[in-house]
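> To start, I am sharing the structure in question, which I have written as C-alpha coordinates.
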Amino acid sequence: MIQQQVGHWLQGDFHYRVTSTWVSLEKISPYMQLAVIAAEDQKFPSHYGFDFTAIQKAFKYNEKSTRKIRGASTISQQTAKNLMLWHGQSWLRKGLEVPATMLLELGWSKKRILEVYLNIAEFGDGIFGVEAASRFYFNKPAKNLTQSEAALLAAVLPNPIIYKVKKPSAWVRKKQQWIVKQMRNLGINYLKQLD
(Lines give C-alpha, C1' and ligand atoms only; values in the text may rest on other atoms or scores of the structure.)
Protein backbone atom coordinates (compact mmCIF):
# COMPACT_ATOMS: atom_id res chain seq x y z
CA MET A 1 0.00 0.00 0.00
CA ILE A 2 2.79 2.38 0.95
CA GLN A 3 4.78 1.46 -2.16
CA GLN A 4 1.79 2.18 -4.39
CA GLN A 5 0.95 5.49 -2.70
CA VAL A 6 4.54 6.77 -2.78
CA GLY A 7 4.97 5.55 -6.37
CA HIS A 8 1.97 7.59 -7.49
CA TRP A 9 3.20 10.67 -5.63
CA LEU A 10 6.65 10.34 -7.26
CA GLN A 11 4.92 10.23 -10.66
CA GLY A 12 3.08 13.44 -9.80
CA ASP A 13 -0.28 11.71 -9.24
CA PHE A 14 -1.60 13.37 -6.08
CA HIS A 15 -5.19 12.21 -6.69
CA TYR A 16 -4.41 8.53 -6.06
CA ARG A 17 -5.68 7.36 -2.68
CA VAL A 18 -5.27 4.03 -0.95
CA THR A 19 -8.55 2.67 0.40
CA SER A 20 -8.34 0.01 3.08
CA THR A 21 -10.37 -1.12 6.09
CA TRP A 22 -9.05 -3.89 8.31
CA VAL A 23 -11.54 -6.52 9.49
CA SER A 24 -11.12 -9.73 11.46
CA LEU A 25 -11.51 -13.07 9.69
CA GLU A 26 -14.86 -13.54 11.45
CA LYS A 27 -16.13 -10.46 9.57
CA ILE A 28 -15.17 -11.90 6.18
CA SER A 29 -17.62 -14.16 4.40
CA PRO A 30 -16.64 -17.83 4.51
CA TYR A 31 -17.28 -17.77 0.75
CA MET A 32 -14.48 -15.21 0.34
CA GLN A 33 -12.12 -17.23 2.47
CA LEU A 34 -12.88 -20.35 0.45
CA ALA A 35 -12.72 -18.48 -2.88
CA VAL A 36 -9.11 -17.36 -2.45
CA ILE A 37 -8.06 -20.81 -1.27
CA ALA A 38 -9.89 -22.45 -4.21
CA ALA A 39 -8.36 -19.99 -6.67
CA GLU A 40 -4.84 -19.59 -5.35
CA ASP A 41 -3.76 -22.38 -3.03
CA GLN A 42 -5.90 -25.47 -2.46
CA LYS A 43 -3.16 -27.08 -0.38
CA PHE A 44 -3.05 -24.08 1.98
CA PRO A 45 -4.26 -25.97 5.09
CA SER A 46 -1.66 -28.73 4.70
CA HIS A 47 1.58 -27.17 3.41
CA TYR A 48 4.23 -25.35 5.39
CA GLY A 49 4.39 -22.27 3.18
CA PHE A 50 5.48 -23.83 -0.10
CA ASP A 51 3.75 -26.12 -2.59
CA PHE A 52 6.71 -28.00 -4.04
CA THR A 53 4.55 -29.92 -6.52
CA ALA A 54 3.20 -26.65 -7.95
CA ILE A 55 6.71 -25.16 -8.03
CA GLN A 56 8.00 -28.16 -9.97
CA LYS A 57 5.09 -27.99 -12.45
CA ALA A 58 5.58 -24.24 -12.93
CA PHE A 59 9.32 -24.71 -13.49
CA LYS A 60 8.72 -27.39 -16.15
CA TYR A 61 6.01 -25.30 -17.83
CA ASN A 62 8.17 -22.16 -17.85
CA GLU A 63 11.13 -24.08 -19.34
CA LYS A 64 9.02 -25.11 -22.33
CA SER A 65 6.77 -22.07 -22.72
CA THR A 66 7.65 -18.85 -24.48
CA ARG A 67 4.27 -17.42 -23.54
CA LYS A 68 3.05 -16.31 -20.13
CA ILE A 69 5.13 -17.36 -17.12
CA ARG A 70 3.28 -19.57 -14.64
CA GLY A 71 3.73 -18.88 -10.94
CA ALA A 72 3.40 -21.20 -7.97
CA SER A 73 3.18 -18.85 -5.00
CA THR A 74 1.10 -19.99 -2.05
CA ILE A 75 -1.12 -17.70 0.01
CA SER A 76 1.63 -17.72 2.65
CA GLN A 77 4.22 -16.55 0.10
CA GLN A 78 1.92 -13.86 -1.25
CA THR A 79 1.22 -12.65 2.28
CA ALA A 80 4.94 -12.48 3.06
CA LYS A 81 5.62 -10.61 -0.19
CA ASN A 82 2.74 -8.14 0.24
CA LEU A 83 3.49 -7.54 3.92
CA MET A 84 7.29 -7.36 4.03
CA LEU A 85 8.70 -7.00 0.53
CA TRP A 86 8.26 -4.97 -2.63
CA HIS A 87 6.49 -5.64 -5.92
CA GLY A 88 8.41 -6.72 -8.97
CA GLN A 89 10.37 -9.67 -10.21
CA SER A 90 13.92 -10.14 -9.02
CA TRP A 91 15.99 -12.98 -7.64
CA LEU A 92 16.73 -10.89 -4.54
CA ARG A 93 13.03 -10.42 -3.72
CA LYS A 94 12.29 -14.10 -4.42
CA GLY A 95 15.22 -15.09 -2.20
CA LEU A 96 13.99 -12.91 0.66
CA GLU A 97 10.47 -14.29 0.22
CA VAL A 98 11.59 -17.76 1.36
CA PRO A 99 12.69 -16.85 4.92
CA ALA A 100 9.84 -14.33 5.23
CA THR A 101 7.33 -17.08 4.37
CA MET A 102 8.96 -19.48 6.82
CA LEU A 103 8.70 -16.85 9.58
CA LEU A 104 4.98 -16.39 8.90
CA GLU A 105 4.35 -20.13 8.91
CA LEU A 106 6.28 -20.58 12.16
CA GLY A 107 4.76 -17.62 13.97
CA TRP A 108 1.17 -17.45 12.75
CA SER A 109 -1.75 -19.83 12.39
CA LYS A 110 -3.24 -20.51 8.97
CA LYS A 111 -6.26 -18.42 9.97
CA ARG A 112 -4.03 -15.45 10.80
CA ILE A 113 -2.13 -15.76 7.50
CA LEU A 114 -5.44 -15.86 5.60
CA GLU A 115 -6.80 -12.90 7.58
CA VAL A 116 -3.75 -10.77 6.82
CA TYR A 117 -3.74 -11.81 3.16
CA LEU A 118 -7.40 -10.85 2.70
CA ASN A 119 -6.78 -7.50 4.39
CA ILE A 120 -3.74 -6.48 2.34
CA ALA A 121 -4.40 -7.99 -1.10
CA GLU A 122 -5.01 -5.45 -3.86
CA PHE A 123 -8.41 -5.76 -5.56
CA GLY A 124 -8.20 -2.73 -7.84
CA ASP A 125 -6.39 0.55 -8.29
CA GLY A 126 -5.88 1.75 -4.71
CA ILE A 127 -8.35 -0.75 -3.25
CA PHE A 128 -6.64 -2.92 -0.65
CA GLY A 129 -8.31 -5.58 1.43
CA VAL A 130 -11.55 -7.43 0.96
CA GLU A 131 -13.61 -5.06 3.15
CA ALA A 132 -12.72 -2.04 1.01
CA ALA A 133 -13.27 -4.10 -2.16
CA SER A 134 -16.63 -5.41 -1.02
CA ARG A 135 -17.87 -1.93 -0.12
CA PHE A 136 -16.50 -0.37 -3.32
CA TYR A 137 -17.77 -2.98 -5.79
CA PHE A 138 -20.87 -4.39 -4.06
CA ASN A 139 -21.82 -1.70 -1.51
CA LYS A 140 -21.86 -4.19 1.36
CA PRO A 141 -19.52 -5.44 4.11
CA ALA A 142 -17.23 -8.37 3.33
CA LYS A 143 -19.16 -10.61 5.73
CA ASN A 144 -22.15 -10.46 3.35
CA LEU A 145 -20.38 -11.45 0.13
CA THR A 146 -22.12 -14.17 -1.85
CA GLN A 147 -20.36 -17.15 -3.41
CA SER A 148 -20.47 -15.53 -6.86
CA GLU A 149 -19.21 -12.14 -5.62
CA ALA A 150 -16.38 -13.78 -3.67
CA ALA A 151 -15.35 -15.80 -6.72
CA LEU A 152 -15.32 -12.65 -8.86
CA LEU A 153 -13.04 -10.85 -6.40
CA ALA A 154 -10.74 -13.87 -6.25
CA ALA A 155 -10.68 -14.08 -10.05
CA VAL A 156 -8.98 -10.67 -10.41
CA LEU A 157 -6.25 -11.33 -7.82
CA PRO A 158 -3.55 -12.39 -10.27
CA ASN A 159 -3.47 -8.77 -11.46
CA PRO A 160 -6.30 -6.47 -10.30
CA ILE A 161 -5.01 -3.59 -12.41
CA ILE A 162 -5.43 -5.55 -15.66
CA TYR A 163 -8.41 -7.70 -14.61
CA LYS A 164 -11.45 -5.68 -13.53
CA VAL A 165 -14.26 -6.45 -11.12
CA LYS A 166 -16.51 -3.66 -12.49
CA LYS A 167 -16.02 -4.67 -16.14
CA PRO A 168 -14.94 -8.32 -16.06
CA SER A 169 -13.51 -9.71 -19.27
CA ALA A 170 -14.54 -13.08 -20.68
CA TRP A 171 -11.39 -14.52 -19.08
CA VAL A 172 -12.36 -13.15 -15.63
CA ARG A 173 -15.90 -14.55 -15.97
CA LYS A 174 -14.51 -17.94 -16.99
CA LYS A 175 -12.10 -17.89 -14.03
CA GLN A 176 -14.98 -16.88 -11.72
CA GLN A 177 -17.02 -19.88 -12.88
CA TRP A 178 -14.02 -22.18 -12.41
CA ILE A 179 -13.52 -20.83 -8.86
CA VAL A 180 -17.20 -21.41 -7.99
CA LYS A 181 -16.86 -25.00 -9.23
CA GLN A 182 -13.71 -25.49 -7.13
CA MET A 183 -15.46 -23.99 -4.08
CA ARG A 184 -18.32 -26.45 -4.48
CA ASN A 185 -15.87 -29.34 -4.84
CA LEU A 186 -14.00 -28.33 -1.68
CA GLY A 187 -17.16 -27.51 0.31
CA ILE A 188 -17.50 -24.84 2.98
CA ASN A 189 -16.41 -27.33 5.67
CA TYR A 190 -12.96 -27.28 4.06
CA LEU A 191 -12.29 -24.15 6.12
CA LYS A 192 -12.39 -26.25 9.32
CA GLN A 193 -8.97 -27.57 8.32
CA LEU A 194 -7.56 -24.14 9.20
CA ASP A 195 -8.35 -24.65 12.91
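Here's how to read the names in the C-alpha coordinates: chain A, B, ... by the order shown, residue numbers from 1 in each chain, ligand numbers from 1 in the order shown.
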Per residue of stretch 79-191 of chain A within 8 Å of stretch 35-47 of chain A, what are the shortest atom pair and its distance in Å to one decimal, counting only C-alpha atoms, with rows by chain and residue number, as JSON lines?

```
{"residue": "A:Lys110", "atom": "CA", "partner": "A:Pro45", "partner_atom": "CA", "distance": 6.8}
{"residue": "A:Gln147", "atom": "CA", "partner": "A:Ala35", "partner_atom": "CA", "distance": 7.8}
{"residue": "A:Ala150", "atom": "CA", "partner": "A:Ala35", "partner_atom": "CA", "distance": 6.0}
{"residue": "A:Ala151", "atom": "CA", "partner": "A:Ala35", "partner_atom": "CA", "distance": 5.4}
{"residue": "A:Ala154", "atom": "CA", "partner": "A:Val36", "partner_atom": "CA", "distance": 5.4}
{"residue": "A:Ala155", "atom": "CA", "partner": "A:Ala39", "partner_atom": "CA", "distance": 7.2}
{"residue": "A:Ile179", "atom": "CA", "partner": "A:Ala39", "partner_atom": "CA", "distance": 5.7}
{"residue": "A:Val180", "atom": "CA", "partner": "A:Ala35", "partner_atom": "CA", "distance": 7.4}
{"residue": "A:Gln182", "atom": "CA", "partner": "A:Ala38", "partner_atom": "CA", "distance": 5.7}
{"residue": "A:Met183", "atom": "CA", "partner": "A:Ala38", "partner_atom": "CA", "distance": 5.8}
{"residue": "A:Leu186", "atom": "CA", "partner": "A:Ala38", "partner_atom": "CA", "distance": 7.6}
```
> Excluding A:Phe123 and residues on its chain fewer than 6 positions from it, collect all residues at most 9 Å away from it, counting only C-alpha atoms, and give them as a PDB file with N, CA, C and O atoms, in the first residue's frame.

```pdb
ATOM      1  N   GLY A 129      -7.547  -4.847   0.439  1.00  0.00           N
ATOM      2  CA  GLY A 129      -8.313  -5.583   1.431  1.00  0.00           C
ATOM      3  C   GLY A 129      -9.725  -5.853   0.962  1.00  0.00           C
ATOM      4  O   GLY A 129     -10.334  -5.070   0.218  1.00  0.00           O
ATOM      5  N   VAL A 130     -10.249  -6.969   1.418  1.00  0.00           N
ATOM      6  CA  VAL A 130     -11.550  -7.427   0.956  1.00  0.00           C
ATOM      7  C   VAL A 130     -12.692  -6.547   1.472  1.00  0.00           C
ATOM      8  O   VAL A 130     -13.709  -6.392   0.792  1.00  0.00           O
ATOM      9  N   ALA A 132     -12.658  -3.203   1.903  1.00  0.00           N
ATOM     10  CA  ALA A 132     -12.716  -2.041   1.005  1.00  0.00           C
ATOM     11  C   ALA A 132     -13.245  -2.456  -0.365  1.00  0.00           C
ATOM     12  O   ALA A 132     -14.055  -1.747  -0.974  1.00  0.00           O
ATOM     13  N   ALA A 133     -12.805  -3.614  -0.860  1.00  0.00           N
ATOM     14  CA  ALA A 133     -13.266  -4.096  -2.164  1.00  0.00           C
ATOM     15  C   ALA A 133     -14.757  -4.391  -2.158  1.00  0.00           C
ATOM     16  O   ALA A 133     -15.484  -4.016  -3.083  1.00  0.00           O
ATOM     17  N   LEU A 153     -14.179 -11.552  -7.019  1.00  0.00           N
ATOM     18  CA  LEU A 153     -13.044 -10.855  -6.396  1.00  0.00           C
ATOM     19  C   LEU A 153     -11.779 -11.707  -6.467  1.00  0.00           C
ATOM     20  O   LEU A 153     -10.696 -11.201  -6.783  1.00  0.00           O
ATOM     21  N   ALA A 154     -11.900 -12.988  -6.193  1.00  0.00           N
ATOM     22  CA  ALA A 154     -10.736 -13.875  -6.247  1.00  0.00           C
ATOM     23  C   ALA A 154     -10.202 -14.010  -7.671  1.00  0.00           C
ATOM     24  O   ALA A 154      -8.994 -14.172  -7.870  1.00  0.00           O
ATOM     25  N   VAL A 156      -9.826 -11.788  -9.945  1.00  0.00           N
ATOM     26  CA  VAL A 156      -8.975 -10.672 -10.408  1.00  0.00           C
ATOM     27  C   VAL A 156      -7.645 -10.612  -9.672  1.00  0.00           C
ATOM     28  O   VAL A 156      -6.774  -9.823 -10.042  1.00  0.00           O
ATOM     29  N   LEU A 157      -7.457 -11.428  -8.643  1.00  0.00           N
ATOM     30  CA  LEU A 157      -6.247 -11.332  -7.824  1.00  0.00           C
ATOM     31  C   LEU A 157      -4.923 -11.559  -8.553  1.00  0.00           C
ATOM     32  O   LEU A 157      -3.926 -10.978  -8.119  1.00  0.00           O
ATOM     33  N   ASN A 159      -3.891 -10.119 -11.099  1.00  0.00           N
ATOM     34  CA  ASN A 159      -3.475  -8.769 -11.463  1.00  0.00           C
ATOM     35  C   ASN A 159      -4.700  -7.858 -11.510  1.00  0.00           C
ATOM     36  O   ASN A 159      -5.308  -7.682 -12.567  1.00  0.00           O
ATOM     37  N   PRO A 160      -5.070  -7.265 -10.366  1.00  0.00           N
ATOM     38  CA  PRO A 160      -6.300  -6.471 -10.303  1.00  0.00           C
ATOM     39  C   PRO A 160      -6.242  -5.145 -11.048  1.00  0.00           C
ATOM     40  O   PRO A 160      -7.245  -4.445 -11.128  1.00  0.00           O
ATOM     41  N   ILE A 161      -5.090  -4.802 -11.594  1.00  0.00           N
ATOM     42  CA  ILE A 161      -5.007  -3.592 -12.411  1.00  0.00           C
ATOM     43  C   ILE A 161      -5.405  -3.919 -13.851  1.00  0.00           C
ATOM     44  O   ILE A 161      -6.062  -3.132 -14.525  1.00  0.00           O
ATOM     45  N   LYS A 164     -10.533  -6.606 -14.208  1.00  0.00           N
ATOM     46  CA  LYS A 164     -11.446  -5.680 -13.530  1.00  0.00           C
ATOM     47  C   LYS A 164     -12.661  -6.388 -12.935  1.00  0.00           C
ATOM     48  O   LYS A 164     -13.248  -7.262 -13.571  1.00  0.00           O
ATOM     49  N   VAL A 165     -13.033  -5.958 -11.741  1.00  0.00           N
ATOM     50  CA  VAL A 165     -14.261  -6.446 -11.117  1.00  0.00           C
ATOM     51  C   VAL A 165     -15.464  -5.756 -11.744  1.00  0.00           C
ATOM     52  O   VAL A 165     -16.465  -6.392 -12.059  1.00  0.00           O
TER      53      VAL A 165
END
```
> Any idea what's packed within 7 Å of A:Val172, counting only C-alpha atoms, ignoring anything in its chain fewer than 3 positions away? Could you give it as a ChimeraX atom specification?
/A:155-156,163,168-169,175-176
> Using Å and a single decimal, report how far atom CA of A:Phe136 sits from atom CA of A:Ser148.
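Going from atom CA of A:Ser148 over to atom CA of A:Phe136, I get 16.1 Å.
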> Find, counting only C-alpha atoms, the residue in A:Gln33, A:Asn82, A:Thr101, A:Ser73 that gets nearest to A:Tyr48.
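Among the listed residues, the smallest separation from A:Tyr48 belongs to A:Thr101.
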> Could you check how far atom CA of A:Glu149 sits from atom CA of A:Arg184, in Å to one decimal?
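The value is 14.4 Å.
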> Find, counting only C-alpha atoms, the residue in A:Asn144, A:Thr53, A:Ser109, A:Ser134 that gets nearest to A:Thr19.
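Under the stated criterion, the closest residue is A:Ser134.
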> Could you state the separation of atom CA of A:Leu103 and atom CA of A:Lys143 in Å, given to one decimal place?
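So the two atoms, atom CA of A:Leu103 and atom CA of A:Lys143, lie 28.8 Å apart.
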> Would you mind telling me which residue in A:Leu114, A:Met32, A:Val23, A:Ile75 lies nearest to A:Leu145 when using only C-alpha atoms?
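Nearest candidate to A:Leu145 out of A:Leu114, A:Met32, A:Val23, A:Ile75: A:Met32.
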> Report the residues of stretch 69-155 of chain A whose backbone DSSP state falls under helix (DSSP H, G or I), written as an MDAnalysis selection string.
chainID A and resid 75:84 91:107 110:120 130:138 142:144 147:155
> Need to verify the contact set: A:Gln78, 10 Å, only C-alpha atoms, exclusion of same-chain residues closer than 2 positions in sequence. Can you return it as a list in words?
Glu40, Gly49, Ser73, Thr74, Ile75, Ser76, Ala80, Lys81, Asn82, Leu83, Met84, Leu85, Glu97, Thr101, Ile113, Tyr117, Ile120 and Ala121 of chain A
